[in-house]
file data.cif (mmCIF, C-alpha atoms)
data_protein
loop_
_atom_site.label_atom_id
_atom_site.label_comp_id
_atom_site.auth_asym_id
_atom_site.auth_seq_id
_atom_site.Cartn_x
_atom_site.Cartn_y
_atom_site.Cartn_z
CA PRO I 6 0.00 0.00 0.00
CA SER I 7 1.14 3.53 -0.71
CA ILE I 8 1.38 6.48 1.64
CA LYS I 9 -1.15 8.33 -0.49
CA LEU I 10 -3.76 5.55 -0.18
CA ASP I 11 -3.22 5.34 3.59
CA MET I 12 -3.82 9.08 3.92
CA ILE I 13 -7.04 8.82 1.92
CA LYS I 14 -8.20 5.76 3.88
CA HIS I 15 -7.64 7.45 7.25
CA HIS I 16 -8.94 10.85 6.09
CA LEU I 17 -5.69 12.61 6.96
CA PRO I 18 -5.54 16.29 5.96
CA TYR I 19 -2.34 16.01 3.90
CA ARG I 20 -1.25 15.79 0.30
CA VAL I 21 1.74 13.69 -0.68
CA ARG I 22 3.89 13.61 -3.78
CA TRP I 23 7.36 12.50 -4.73
CA GLY I 24 9.99 15.08 -5.49
CA VAL I 25 10.63 18.75 -5.98
CA PHE I 26 13.01 20.56 -8.31
CA PRO I 27 16.54 20.91 -6.88
CA LYS I 28 16.22 24.71 -6.67
CA ASN I 29 13.22 24.26 -4.30
CA LEU I 30 14.65 21.39 -2.24
CA ARG I 31 15.96 23.30 0.78
CA LYS I 32 13.01 25.71 0.94
CA THR I 33 10.54 22.80 0.85
CA CYS I 34 12.43 20.92 3.58
CA GLU I 35 12.47 24.02 5.79
CA GLU I 36 8.72 24.60 5.27
CA MET I 37 7.89 21.00 6.15
CA LEU I 38 10.05 21.08 9.28
CA GLU I 39 8.49 24.39 10.37
CA ASN I 40 5.10 22.64 10.15
CA ASP I 41 6.36 19.69 12.27
CA ILE I 42 6.42 17.35 9.26
CA PRO I 43 9.57 15.19 9.15
CA VAL I 44 11.11 14.94 5.68
CA ILE I 45 11.57 11.51 4.09
CA PHE I 46 14.48 11.82 1.67
CA SER I 47 16.51 9.49 -0.49
CA VAL I 48 20.18 9.12 -1.25
CA CYS I 49 20.89 7.45 -4.57
CA GLN I 50 24.19 7.84 -6.35
CA VAL I 51 23.68 7.19 -10.06
CA PHE I 52 27.00 8.44 -11.42
CA ASN I 53 29.70 6.40 -9.71
CA PHE I 54 33.16 7.91 -9.84
CA LEU I 55 35.85 5.41 -8.88
CA TRP I 56 38.07 8.04 -7.29
CA LYS I 57 35.34 9.56 -5.12
CA PRO I 58 33.58 7.98 -2.11
CA ALA I 59 30.05 6.81 -2.83
CA GLY I 60 26.92 8.04 -1.09
CA LEU I 61 26.39 10.60 1.64
CA GLN I 62 28.78 10.80 4.58
CA LEU I 63 27.00 10.46 7.93
CA TYR I 64 28.48 11.72 11.19
CA ARG I 65 27.98 11.30 14.93
CA LYS I 66 28.92 13.78 17.63
CA ASN I 67 31.65 12.81 20.08
CA SER I 68 31.69 13.79 23.76
CA SER I 69 33.06 17.25 22.94
CA GLY I 70 30.36 17.89 20.31
CA GLU I 71 32.59 17.50 17.26
CA LEU I 72 31.26 15.70 14.19
CA VAL I 73 33.06 12.43 13.54
CA PRO I 74 32.53 10.47 10.28
CA CYS I 75 31.00 7.08 11.01
CA THR I 76 29.32 5.60 7.91
CA ARG I 77 28.02 6.39 4.42
CA ALA I 78 24.45 6.12 3.14
CA ARG I 79 24.07 4.62 -0.33
CA SER I 80 20.76 3.94 -2.07
CA HIS I 81 18.86 4.58 1.13
CA TYR I 82 15.84 6.43 2.54
CA MET I 83 16.23 8.45 5.74
CA THR I 84 14.25 10.99 7.73
CA LEU I 85 15.41 14.59 8.05
CA THR I 86 14.34 15.87 11.47
CA ALA I 87 16.23 19.19 11.68
CA LEU I 88 18.11 21.53 9.39
CA ASP I 89 20.34 24.16 10.95
CA GLY I 90 22.63 26.00 8.54
CA ASP I 91 24.67 23.30 6.82
CA GLU I 92 23.95 20.67 9.50
CA MET I 93 21.23 18.12 8.85
CA THR I 94 19.97 15.93 11.69
CA VAL I 95 18.80 12.64 10.22
CA SER I 96 17.36 9.38 11.44
CA SER I 97 18.20 6.04 9.87
CA TRP I 98 17.12 2.68 11.27
CA GLY I 99 16.29 4.43 14.57
CA ASN I 100 19.76 5.95 14.92
CA LYS I 101 20.55 9.65 15.02
CA TYR I 102 23.15 10.95 12.57
CA TYR I 103 24.28 14.24 11.15
CA ALA I 104 25.05 15.11 7.55
CA SER I 105 26.09 18.14 5.55
CA TRP I 106 23.42 19.89 3.49
CA LYS I 107 26.12 21.00 1.01
CA GLU I 108 27.24 17.38 0.54
CA TYR I 109 23.64 16.23 0.02
CA GLU I 110 22.95 19.04 -2.43
CA HIS I 111 26.17 18.17 -4.33
CA LEU I 112 25.08 14.55 -4.50
CA VAL I 113 21.63 15.54 -5.82
CA ARG I 114 22.98 17.94 -8.44
CA ARG I 115 26.23 16.30 -9.55
CA ARG I 116 26.39 12.62 -8.64
CA SER I 117 22.79 11.51 -8.96
CA PHE I 118 19.69 12.31 -10.92
CA TRP I 119 17.41 14.56 -8.85
CA VAL I 120 14.39 12.35 -9.53
CA PHE I 121 16.08 9.56 -7.54
CA SER I 122 17.70 11.65 -4.77
CA ASN I 123 14.79 13.73 -3.56
CA ILE I 124 12.09 14.04 -0.88
CA VAL I 125 8.53 13.01 -0.19
CA LYS I 126 6.74 16.36 -0.19
CA VAL I 127 3.92 16.45 2.36
CA THR I 128 1.65 19.49 2.57
CA LYS I 129 -1.55 20.22 4.44
CA LYS I 130 -4.73 20.27 2.32
#

call {"tool": "encode", "arguments": {"input": "data.cif", "output": "structure tokens"}}
result
Amino acid sequence: PSIKLDMIKHHLPYRVRWGVFPKNLRKTCEEMLENDIPVIFSVCQVFNFLWKPAGLQLYRKNSSGELVPCTRARSHYMTLTALDGDEMTVSSWGNKYYASWKEYEHLVRRRSFWVFSNIVKVTKK
């Protein structure tokens, strides 16, 4: 079953669609977060360059609050829960990570096709 059908079935006051143009990506994410709607987004690297690391680098914070690289997301859906400047707070498999908005935007624009690396846009009716 799709998200759209579930929303219709349960009479939820939202509209759902896949994707926005890259120029509207950040603005749409910020609007959804301001309305307490978490952002489901995808990471999909289509253009694989052998000399560059694949996917989106994910970080954790150490005891002094510094971001430390811990893993990479490849062909994966995650939830964006906060966006502060360049820092994205994301959830994946119930774990909290951080990522760089600039790195995600670079992946969307240069290393993927924006139709694949995008968001589920949810708006109120």

call {"tool": "closest_residue", "arguments": {"input": "data.cif", "among": "I:Ala78, I:Leu112, I:Val25, I:Cys34", "to": "Tyr64 (chain I)", "atoms": "all atoms listed in the file"}}
result
I:Ala78

call {"tool": "closest_residue", "arguments": {"input": "data.cif", "among": "I:Pro18, I:Leu63, I:Val113, I:Ser7", "to": "Glu92 (chain I)", "atoms": "all atoms listed in the file"}}
result
I:Leu63

call {"tool": "closest_residue", "arguments": {"input": "data.cif", "among": "I:Asp41, I:Lys32, I:Thr86, I:Leu10", "to": "Lys129 (chain I)", "atoms": "all atoms listed in the file"}}
result
I:Asp41

call {"tool": "residues_near_point", "arguments": {"input": "data.cif", "point": "(29.3, 12.5, 5.7)", "cutoff": "8 Å", "atoms": "all atoms listed in the file", "output": "ChimeraX atom specification"}}
result
/I:61-64,74-77,103-105,108

call {"tool": "resolve_selection", "arguments": {"input": "data.cif", "expression": "the PyMOL selection byres ((chain I and resi 121) around 10)", "output": "list of chain:residue names"}}
result
I:Trp23, I:Gly24, I:Phe46, I:Ser47, I:Val48, I:Cys49, I:Gln50, I:Val51, I:Ser80, I:Val113, I:Ser117, I:Phe118, I:Trp119, I:Val120, I:Ser122, I:Asn123, I:Ile124

call {"tool": "closest_residue", "arguments": {"input": "data.cif", "among": "I:Val73, I:Met83, I:Ile8, I:Leu30", "to": "Lys107 (chain I)", "atoms": "all atoms listed in the file"}}
result
I:Leu30

call {"tool": "atom_distance", "arguments": {"input": "data.cif", "atom1": "CA of Val125 (chain I)", "atom2": "CA of Arg22 (chain I)"}}
result
5.9 Å

call {"tool": "closest_residue", "arguments": {"input": "data.cif", "among": "I:Lys14, I:Lys66, I:Arg116, I:Lys130", "to": "Lys101 (chain I)", "atoms": "all atoms listed in the file"}}
result
I:Lys66

call {"tool": "atom_distance", "arguments": {"input": "data.cif", "atom1": "CA of Met12 (chain I)", "atom2": "CA of Ser97 (chain I)"}}
result
23.0 Å

call {"tool": "resolve_selection", "arguments": {"input": "data.cif", "expression": "the PyMOL selection byres ((chain I and resi 85) around 9)", "output": "NGL selection string"}}
result
:I and (34 or 38 or 43-46 or 83-84 or 86-88 or 93-96)

call {"tool": "atom_distance", "arguments": {"input": "data.cif", "atom1": "CA of Glu39 (chain I)", "atom2": "CA of His15 (chain I)"}}
result
23.6 Å

call {"tool": "build_atoms", "arguments": {"input": "data.cif", "residues": "region 82-97 of chain I", "atoms": "N, CA and C atoms", "output": "compact mmCIF listing (two decimals), keeping the file's coordinate frame"}}
result
# COMPACT_ATOMS: atom_id res chain seq x y z
N TYR I 82 16.79 5.42 2.08
CA TYR I 82 15.84 6.43 2.54
C TYR I 82 16.13 6.73 4.00
N MET I 83 16.03 8.02 4.37
CA MET I 83 16.23 8.45 5.74
C MET I 83 15.20 9.53 6.06
N THR I 84 15.16 9.94 7.31
CA THR I 84 14.25 10.99 7.73
C THR I 84 15.06 12.18 8.22
N LEU I 85 14.79 13.34 7.64
CA LEU I 85 15.41 14.59 8.05
C LEU I 85 14.54 15.18 9.15
N THR I 86 15.12 15.37 10.34
CA THR I 86 14.34 15.87 11.47
C THR I 86 14.68 17.30 11.85
N ALA I 87 15.83 17.80 11.40
CA ALA I 87 16.23 19.19 11.68
C ALA I 87 17.23 19.64 10.64
N LEU I 88 17.19 20.93 10.36
CA LEU I 88 18.11 21.53 9.39
C LEU I 88 18.54 22.87 9.96
N ASP I 89 19.81 22.96 10.33
CA ASP I 89 20.34 24.16 10.95
C ASP I 89 21.60 24.58 10.21
N GLY I 90 21.48 25.59 9.36
CA GLY I 90 22.63 26.00 8.54
C GLY I 90 22.99 24.88 7.60
N ASP I 91 24.23 24.41 7.67
CA ASP I 91 24.67 23.30 6.82
C ASP I 91 24.43 21.94 7.48
N GLU I 92 24.08 21.93 8.76
CA GLU I 92 23.95 20.67 9.50
C GLU I 92 22.55 20.09 9.41
N MET I 93 22.48 18.87 8.92
CA MET I 93 21.23 18.12 8.85
C MET I 93 21.24 17.11 10.00
N THR I 94 20.13 17.00 10.71
CA THR I 94 19.97 15.93 11.69
C THR I 94 19.06 14.91 11.03
N VAL I 95 19.55 13.67 10.93
CA VAL I 95 18.80 12.64 10.22
C VAL I 95 18.63 11.40 11.09
N SER I 96 17.61 10.64 10.76
CA SER I 96 17.36 9.38 11.44
C SER I 96 17.40 8.26 10.41
N SER I 97 18.12 7.20 10.74
CA SER I 97 18.20 6.04 9.87
C SER I 97 18.21 4.79 10.73
